[in-house]
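Here the structure is laid out as structure tokens; the discussion comes afterwards.
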Amino acid sequence: MAVEAFQEAARTTGSPTAEAVRRLKKNPVAVLSGFIIVSLILVAIFAPLIAPHAYDFQDRAYATLPASPDAKHRLGTDNLGQDTLSRMIYGARVSLTVGLVVQVIEVTIGIALGLLAAYKGGLWDTILMRVTDAMFAFPDLLFAILLVGVIRPTTVLASFLTVFVALAIVNWPGMARLVRGQALALREKEYVEAARAIGVSGWGIVTRHLLPNMLSPIIVAVTVDIANVILAEATLSFLGIGIQPPYPSWGRMISDARPYMRSAPTLILYPALALGVTVLAFNFFGDALRDALDPRLRE
Amino acid sequence: MLIYIRNRLLLAIPTLLAVSFITFFLGYLSPASPIDIMLGQHSDPAIRKSLEHEYGLDRPPLVQYGNFLWNALHGDLGRSFSNANRPVTQMIAEQFPTTALLACLAMVTALLLGIPSGILAALNHNRFADRFTMSAVLLCVSLPAFVLAPVLMLIFSLHFGWLPSSGWEGPSYYVMPVLVLASRPSALIARFMRSSMLDVIRQDYIRTAFAKGLSPARVLLKHAFKNAFLPVLTVIGNTFGFLLTGSFVVETIFNIPGIGYESIQSILRRDYPVIQGVALLVAAIFIAVNLIVDILYAVIDPRVRYEEAR
């Protein structure tokens, strides 16, 4: 009887993933922010095809002062005669690339060190906890500003690398702590003990039992972290020490447009809007994802 | 308690050393020399030599670092490379009051906005007021200062002409920078206040207080708020970090002559002594604020006893 009830429940609810997707689909905010994120990714990938002009193309006819929109430049141009729409499209590339690359570095370091600390314990654990404590003891964006500010890259490539490294350095401790905590909790579960009892190797336990089970908190953390990293990159670029020109970053566009706030307010509003919508989408999606993956967390 | 404070202060020493070490050696390893910035690329080698000697840049890095530490212990953070050779401590002393005022006003604003809206959201759990407040919170967390500030400037300075758009000359100049700086902290405080309040109002003693016929206002203020506020206190310590970082951006946008503005200018000019001095100052303030918060915690909540937890 009880077995049949379970089977019935399993048939109607499906796998945990399918269940999470079903719950996400029922949440209009999640659907909208998911749609925005997917569109942004497509825009970033196909930027050269979508953008009407190259990001560094300076239209001489429009130079010296920002121009209002016309048929040739749909969102107008900046003071260098560069097409605002094209630069916004390439700006999406910067934000998403930085967000993604930093997350990949952060998750790799976080999983490696978190598992090491949880599994080896002892000295490894003490070192990890002390180092992360020290990192948490200092405002992270300020640390990134100091790191990037002192190195002060001047070329586009160097500036990308510096921003990746600086933001990864300040962001990995949170992920390492999360993985460590999860691993410590999961290690005590019966099924892990059972796996160990039937002789599964340490590596097998980590890859087949621990990692899949800590995937949902990691995914949620990554989604919310992407939003923070995108904001951090924009802040660095706004301050003039992030991604270097001629490559466009939304933060830099906002900063460059400030002198023309009175004459060309849209020049500042468009990148500000793009940044705000992107970060909001990731934050809302992260929240919805947390609710969908673990309904118990909902208050 | 005194032993606890002493231990915490002793722990601050390695943190400050690490901060000074990292900023010093990043500066040392940086590809461009500040002398290049002062003189331009094609300068007379003799002048270069004498300037490098004057600033001690020709000595081995460890000696330079040792000197920096020794002088810092005596209250001398060196001289600015670019700003007419002024002592860094003097520059910091002149600009710090502005940043401190900005940060304190923002902190007060964040508390005044965050605490009531968090309580309001908790009391209307899952109803409109809650959803509205939490959406506003997410909006404030997502919109950085340099997005919020231009929008406010466009509305209040350029369109209505009510507030000055930049500078720091009187109370009317304070409104926008303080609001912009307070937006993220107030959102974080509201979020914590809400979840902490939700935890507390489900407790038995709150039900008891209501059951014995106390007025809702009395229950909320006397019984619920006091206990719900404790976790929020910890957030306030962390919030201070946001305020310090935020002041870098906000001071730059609004042209406010404070530590943050000066630091960004120094970073752009590669004025390392100023960067090092500010990094040390910020680290020290951050450590001090977190220590004060932890002590307050013990004062408010008698259950927290640091001597035993040592």
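By convention in this document, the chains of the structure tokens carry letters A, B, ... by their order, each chain's residues are numbered from 1, and ligands are numbered from 1 in the order they are shown.
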
Worksheet entry | chain A contacts on chain B, only C-alpha atoms, 6 Å, as a PyMOL selection string | chain B and resi 27+30+142-143+147+241+245+267

Practice prompt. Please provide the set of residues having any atom within 12 Å of stretch 61-63 of chain B, restricted to only C-alpha atoms, with same-chain residues fewer than 2 positions apart removed, written as a PyMOL selection string.
Written response: chain B and resi 21+24-29+56-59+65-70

Would you output that residue set with N, CA and C atoms, as a compact mmCIF listing (two decimals), in the first residue's frame?
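Result file is again11.txt:
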```txt
# COMPACT_ATOMS: atom_id res chain seq x y z
N PHE B 21 51.61 44.69 3.67
CA PHE B 21 52.54 43.91 2.86
C PHE B 21 52.03 43.77 1.43
N PHE B 24 51.99 47.12 -0.39
CA PHE B 24 53.34 47.59 -0.68
C PHE B 24 53.94 46.83 -1.85
N PHE B 25 53.87 45.49 -1.82
CA PHE B 25 54.54 44.72 -2.85
C PHE B 25 53.82 44.76 -4.19
N LEU B 26 52.49 44.93 -4.17
CA LEU B 26 51.79 45.13 -5.44
C LEU B 26 52.31 46.41 -6.09
N GLY B 27 52.48 47.44 -5.28
CA GLY B 27 53.02 48.69 -5.80
C GLY B 27 54.43 48.52 -6.32
N TYR B 28 55.22 47.74 -5.58
CA TYR B 28 56.60 47.54 -5.98
C TYR B 28 56.68 46.77 -7.30
N LEU B 29 55.82 45.76 -7.46
CA LEU B 29 55.87 44.91 -8.65
C LEU B 29 55.19 45.55 -9.85
N GLY B 56 63.63 57.08 -1.81
CA GLY B 56 64.09 55.79 -1.31
C GLY B 56 63.74 54.63 -2.22
N LEU B 57 63.40 54.94 -3.51
CA LEU B 57 62.98 53.87 -4.41
C LEU B 57 64.16 53.07 -4.96
N ASP B 58 65.42 53.53 -4.67
CA ASP B 58 66.58 52.81 -5.19
C ASP B 58 67.07 51.75 -4.21
N ARG B 59 66.43 51.67 -3.05
CA ARG B 59 66.87 50.69 -2.06
C ARG B 59 66.18 49.35 -2.28
N TYR B 65 60.19 48.36 2.52
CA TYR B 65 59.02 47.94 3.29
C TYR B 65 59.27 48.12 4.79
N GLY B 66 60.49 47.73 5.22
CA GLY B 66 60.85 47.90 6.64
C GLY B 66 60.77 49.35 7.05
N ASN B 67 61.32 50.23 6.22
CA ASN B 67 61.27 51.66 6.52
C ASN B 67 59.84 52.15 6.63
N PHE B 68 59.01 51.68 5.65
CA PHE B 68 57.62 52.10 5.63
C PHE B 68 56.93 51.70 6.94
N LEU B 69 57.18 50.45 7.37
CA LEU B 69 56.54 49.98 8.61
C LEU B 69 57.02 50.76 9.82
N TRP B 70 58.36 50.96 9.88
CA TRP B 70 58.97 51.67 11.01
C TRP B 70 58.36 53.07 11.12
```

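Excluding A:Gln82 itself and same-chain residues fewer than 3 positions from it, the residues having an atom within 10 Å of it are His53, Ala54, Tyr55, Asp56, Phe57, Gln58, Asp59, Arg60, Tyr62, Ala63, Pro66, Ala67, His73, Gly76, Thr77, Asp78, Asn79, Leu85, Ser86 and Arg87 of chain A, counting only C-alpha atoms.
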
Fill in: Nearest to B:Ile115 by atom-to-atom distance, counting only C-alpha atoms, from B:Leu101, B:Val235, B:Leu296, B:Ile13
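Once distances to B:Ile115 are computed over only C-alpha atoms, the minimum belongs to B:Val235.
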
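When only C-alpha atoms are used to compute distances to A:Ile230, the closest of the residues B:Ala211, B:Ile256, B:Pro144, B:Thr109 turns out to be B:Pro144.
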
Fill in: Residues near A:Ala183, cut-off 7 Å, only C-alpha atoms, skip fewer than 3 positions along chain, as a ChimeraX atom specification
/A:115,118,179-180,186-187,210

Worksheet entry | From A:Ala18, A:Met253, A:Val222, A:Ala44, residue lying nearest A:Tyr270 [only C-alpha atoms] |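 Of A:Ala18, A:Met253, A:Val222, A:Ala44, the one nearest A:Tyr270, counting only C-alpha atoms, is A:Met253.
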
Item to complete: For B:Thr133, work out the shell of residues within 8 Å, counting only C-alpha atoms and skipping chain neighbours fewer than 4 positions away, then give it as a PyMOL selection string.
Response: chain B and resi 117-118+121+129+137
